[in-house]
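Participant: Input: one structure, supplied below.
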Amino acid sequence: MENNGFLNQETLHDYYGEPNERAAKKQMEKLEKHSRHFISLSPFFVLSTSSSEGTDASPRGDAPGFVTVLDDHTLLIPDRMGNNRVDSMHNIMENPNVGMLFLVPGMNETLRINGKARVITDEKLLKPMPVKGKSPKSALIVEIDEVYMHCAKALMRSHLWDSERHIERSSFPTLGQVFKDQVGSDQDAEEIEKLVQEGYVTRLY
């Protein structure tokens with residue numbers, strides 16, 4: 001089959017073949033007991049958003065269960081203190097379609113959820129989600145379109161949770177040094193890193 005080195009909609013499944021029956025049927029339109037349980041155990045997920053200017057992936061983390069399941073079709077996600085770029089929110093206001101990949105430390109399987117998000121500031125919803133006495137300034141409500149478990153192959157290949165394969169932190173520059181090199185700041189790398197570390201203490205919540 002000639003494809004000139006590129007695949008398209010017409011040639012994709014000719015090249016890869018069709019998914020097996022289990023893979024084809026695993027997609028659900030709502031949460032059930034296993035996906036709800038997975039979300040309750042997860043302290044981390046990646047949020048994917050997009051706009052006319054491009055696509056963005058943003059890490060989101062907090063204590064396990066920080067994402068609230070309002071019902072089988074709806075998630076509530078607090079927005080904790082960040083750098084105020086609010087890239088994800090800008091994208092959602094233009095294009096509400098989002099993708100989420102949930103991880104649970106020690107598990108190689110992941111949970112994927114796709115849906116449509118809105119940014120809300122309703123105090124009745126935000127007030128029950130405080131950490132250290134601080135409620136989030138806003139949250140995302142996600143109306144679920146698709147839910148499915150993803151097999152373990154990617155994390156097995158990466159050995160993500162294998163502590164023996166974790167690098168020594170000193171083998172990679174500090175964020176202060178990276179920022180200085182990338183942005184060309186006049187500040188010393190050590191001074192930038194000090195501010196970064198102070199922010200981790202004072203602006204985590």
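Residues are named by chain letter and number: chains run A, B, ... in the order of the structure tokens, numbers start at 1 in each chain, and ligands are numbered from 1 in the order shown.
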Please, which residues in range 71-175 of chain A fall within 8 Å of range 24-46 of chain A when counting only C-alpha atoms, and what is the closest atom pair and distance in Å to one decimal for each, ordered by chain then residue number, as a tab-separated table?

Facilitator:
residue	atom	partner	partner_atom	distance
A:Asp72	CA	A:Leu31	CA	4.7
A:His73	CA	A:Lys30	CA	5.3
A:Met100	CA	A:Val46	CA	5.5
A:Leu101	CA	A:Val46	CA	5.2
A:Phe102	CA	A:Phe45	CA	4.2
A:Leu103	CA	A:Phe44	CA	5.8
A:Val104	CA	A:Ser42	CA	4.8
A:Pro105	CA	A:Ser42	CA	7.7
A:Leu111	CA	A:Ser35	CA	7.2
A:Ile144	CA	A:Lys30	CA	6.4
A:Asp145	CA	A:Glu29	CA	5.4
A:Glu146	CA	A:Glu29	CA	4.8
A:Val147	CA	A:Met28	CA	5.0
A:Tyr148	CA	A:Gln27	CA	4.9
A:Met149	CA	A:Lys26	CA	7.3

Participant: Would you mind reading off the distance between CA of His90 in chain A and CA of Arg60 in chain A, one decimal, in Å?

Facilitator: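 That distance, rounded to one decimal, is 16.3 Å.
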
Participant: Just want the 10 Å neighbourhood of Asp188 in chain A, counted on only C-alpha atoms, with same-chain residues fewer than 5 positions away dropped. Output as a list in words.

Facilitator: Gly176, Gln177, Lys180, Glu193 and Lys194 of chain A

Participant: Please provide as JSON, numbers by chain all residues within 12 Å of Pro130 in chain A, with the sequence filter that same-chain residues fewer than 2 positions apart are discarded (counting only C-alpha atoms).

Facilitator: {"A": [62, 63, 66, 78, 79, 80, 81, 123, 124, 125, 126, 127, 128, 132, 133, 134, 135, 136, 137, 138, 139, 205]}

Participant: Separation of CA of Asn97 in chain A and CA of Thr121 in chain A, in Å?

Facilitator: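 Straight-line distance from CA of Asn97 in chain A to CA of Thr121 in chain A works out to 19.3 Å.
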
Participant: Set the distance at 9 Å and use only C-alpha atoms: which residues neighbour Asp56 in chain A once local chain neighbours fewer than 3 positions away are removed? I'd like the list as a list in words.

Facilitator: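 Skipping anything fewer than 3 positions along the chain leaves Leu47, Ser48, Thr49, Ser50, Ser51, Asp87, Ser88 and Asn91 of chain A.
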
Participant: Between CA of Glu143 in chain A and CA of Leu75 in chain A, what is the distance, to one decimal in Å?

Facilitator: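 Between CA of Glu143 in chain A and CA of Leu75 in chain A the gap is 6.8 Å.
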
Participant: Based on the backbone DSSP call, show me all residues of range 61-134 of chain A assigned strand (DSSP E or B), as a ChimeraX atom specification.

Facilitator: /A:61,68-71,74-79,97-103,110-120,131,134

Participant: Kindly indicate which residue among A:Asn108, A:Ser170, A:Val131, A:Glu190 lies nearest to Lys153 in chain A, using only C-alpha atoms for the distances.

Facilitator: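 Ranked by minimum distance to Lys153 in chain A, first place goes to A:Asn108.
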
Participant: From a backbone DSSP assignment, name each residue in range 5-180 of chain A labelled helix (DSSP H, G or I), as number ranges by chain.

Facilitator: A: 12-16, 21-25, 33-41, 87-94, 123-126, 153-158, 163-165, 169-171, 175-180

Participant: What would the file look like if the residues just selected were written as a compact mmCIF listing (two decimals), in the first residue's frame with N, CA and C atoms?

Facilitator:
# COMPACT_ATOMS: atom_id res chain seq x y z
N LEU A 12 -5.79 5.06 7.43
CA LEU A 12 -5.35 4.79 8.80
C LEU A 12 -5.64 3.36 9.22
N HIS A 13 -6.89 2.92 9.11
CA HIS A 13 -7.24 1.57 9.56
C HIS A 13 -6.77 0.50 8.59
N ASP A 14 -6.58 0.87 7.34
CA ASP A 14 -5.96 -0.08 6.42
C ASP A 14 -4.53 -0.40 6.87
N TYR A 15 -3.86 0.61 7.42
CA TYR A 15 -2.48 0.46 7.85
C TYR A 15 -2.38 -0.27 9.19
N TYR A 16 -3.25 0.09 10.15
CA TYR A 16 -3.18 -0.47 11.50
C TYR A 16 -4.12 -1.65 11.73
N GLU A 21 -12.49 -6.29 19.65
CA GLU A 21 -13.84 -6.05 20.16
C GLU A 21 -13.82 -5.39 21.53
N ARG A 22 -12.91 -5.82 22.41
CA ARG A 22 -12.84 -5.24 23.76
C ARG A 22 -12.50 -3.76 23.69
N ALA A 23 -11.52 -3.40 22.85
CA ALA A 23 -11.12 -2.00 22.73
C ALA A 23 -12.25 -1.16 22.13
N ALA A 24 -12.98 -1.74 21.19
CA ALA A 24 -14.06 -1.00 20.53
C ALA A 24 -15.23 -0.74 21.47
N LYS A 25 -15.46 -1.65 22.42
CA LYS A 25 -16.64 -1.56 23.28
C LYS A 25 -16.37 -0.90 24.63
N LYS A 33 -19.14 2.45 38.64
CA LYS A 33 -18.49 2.27 39.93
C LYS A 33 -16.96 2.24 39.82
N HIS A 34 -16.41 1.65 38.76
CA HIS A 34 -14.96 1.54 38.66
C HIS A 34 -14.31 2.88 38.29
N SER A 35 -14.92 3.62 37.37
CA SER A 35 -14.36 4.92 37.01
C SER A 35 -14.51 5.92 38.15
N ARG A 36 -15.62 5.86 38.87
CA ARG A 36 -15.79 6.72 40.05
C ARG A 36 -14.73 6.41 41.10
N HIS A 37 -14.48 5.12 41.31
CA HIS A 37 -13.48 4.69 42.29
C HIS A 37 -12.10 5.17 41.87
N PHE A 38 -11.77 5.05 40.58
CA PHE A 38 -10.47 5.48 40.09
C PHE A 38 -10.27 6.97 40.35
N ILE A 39 -11.29 7.78 40.04
CA ILE A 39 -11.19 9.23 40.27
C ILE A 39 -10.98 9.53 41.75
N SER A 40 -11.62 8.77 42.63
CA SER A 40 -11.48 9.01 44.07
C SER A 40 -10.07 8.71 44.56
N LEU A 41 -9.33 7.86 43.83
CA LEU A 41 -7.97 7.50 44.21
C LEU A 41 -6.91 8.39 43.56
N ASP A 87 -4.21 29.70 30.85
CA ASP A 87 -4.26 29.26 29.46
C ASP A 87 -5.44 28.33 29.21
N SER A 88 -5.64 27.36 30.13
CA SER A 88 -6.72 26.40 29.94
C SER A 88 -8.08 27.10 29.91
N MET A 89 -8.27 28.07 30.79
CA MET A 89 -9.55 28.78 30.84
C MET A 89 -9.78 29.58 29.56
N HIS A 90 -8.74 30.25 29.07
CA HIS A 90 -8.88 30.97 27.80
C HIS A 90 -9.35 30.02 26.70
N ASN A 91 -8.72 28.85 26.64
CA ASN A 91 -9.09 27.88 25.61
C ASN A 91 -10.53 27.40 25.77
N ILE A 92 -10.90 27.07 27.01
CA ILE A 92 -12.25 26.55 27.26
C ILE A 92 -13.32 27.57 26.89
N MET A 93 -13.04 28.85 27.13
CA MET A 93 -14.02 29.88 26.79
C MET A 93 -14.21 30.01 25.28
N GLU A 94 -13.22 29.59 24.51
CA GLU A 94 -13.36 29.56 23.05
C GLU A 94 -13.85 28.22 22.56
N GLU A 123 -20.22 30.24 44.55
CA GLU A 123 -19.69 30.01 45.90
C GLU A 123 -20.28 28.76 46.55
N LYS A 124 -21.50 28.40 46.20
CA LYS A 124 -22.11 27.20 46.78
C LYS A 124 -21.35 25.94 46.38
N LEU A 125 -20.76 25.95 45.20
CA LEU A 125 -19.98 24.81 44.74
C LEU A 125 -18.52 24.91 45.19
N LEU A 126 -18.00 26.13 45.30
CA LEU A 126 -16.59 26.31 45.66
C LEU A 126 -16.34 26.16 47.15
N LYS A 153 0.10 -0.45 28.93
CA LYS A 153 1.31 -0.58 28.13
C LYS A 153 2.24 0.62 28.21
N ALA A 154 1.69 1.84 28.11
CA ALA A 154 2.54 3.03 28.10
C ALA A 154 3.31 3.19 29.40
N LEU A 155 2.64 2.98 30.52
CA LEU A 155 3.32 3.14 31.80
C LEU A 155 4.24 1.97 32.09
N MET A 156 3.91 0.79 31.59
CA MET A 156 4.82 -0.34 31.72
C MET A 156 6.10 -0.09 30.95
N ARG A 157 5.97 0.45 29.74
CA ARG A 157 7.16 0.73 28.94
C ARG A 157 8.02 1.81 29.59
N SER A 158 7.36 2.79 30.20
CA SER A 158 8.09 3.92 30.79
C SER A 158 8.66 3.62 32.16
N SER A 163 11.01 3.35 41.31
CA SER A 163 11.91 4.31 41.95
C SER A 163 13.37 4.08 41.59
N GLU A 164 13.72 2.86 41.23
CA GLU A 164 15.09 2.58 40.84
C GLU A 164 15.46 3.24 39.52
N ARG A 165 14.47 3.64 38.75
CA ARG A 165 14.71 4.30 37.48
C ARG A 165 14.55 5.82 37.57
N ARG A 169 17.88 14.18 41.11
CA ARG A 169 17.38 15.52 40.78
C ARG A 169 18.52 16.44 40.37
N SER A 170 19.70 16.23 40.92
CA SER A 170 20.84 17.09 40.61
C SER A 170 21.35 16.92 39.18
N SER A 171 20.86 15.89 38.48
CA SER A 171 21.32 15.66 37.11
C SER A 171 20.63 16.59 36.11
N LEU A 175 14.80 24.84 38.25
CA LEU A 175 13.89 25.65 37.44
C LEU A 175 14.41 27.08 37.33
N GLY A 176 15.08 27.56 38.39
CA GLY A 176 15.67 28.89 38.35
C GLY A 176 16.70 29.01 37.24
N GLN A 177 17.56 28.01 37.10
CA GLN A 177 18.57 28.01 36.05
C GLN A 177 17.93 27.89 34.67
N VAL A 178 16.93 27.00 34.58
CA VAL A 178 16.23 26.83 33.30
C VAL A 178 15.58 28.14 32.87
N PHE A 179 14.90 28.79 33.82
CA PHE A 179 14.22 30.05 33.51
C PHE A 179 15.23 31.11 33.06
N LYS A 180 16.33 31.22 33.75
CA LYS A 180 17.35 32.21 33.38
C LYS A 180 17.87 31.95 31.97

Participant: Using only C-alpha atoms for the distances, tell me which of A:Val98, A:Val196, A:Glu109, A:Val142 is nearest to Val69 in chain A.

Facilitator: A:Val142
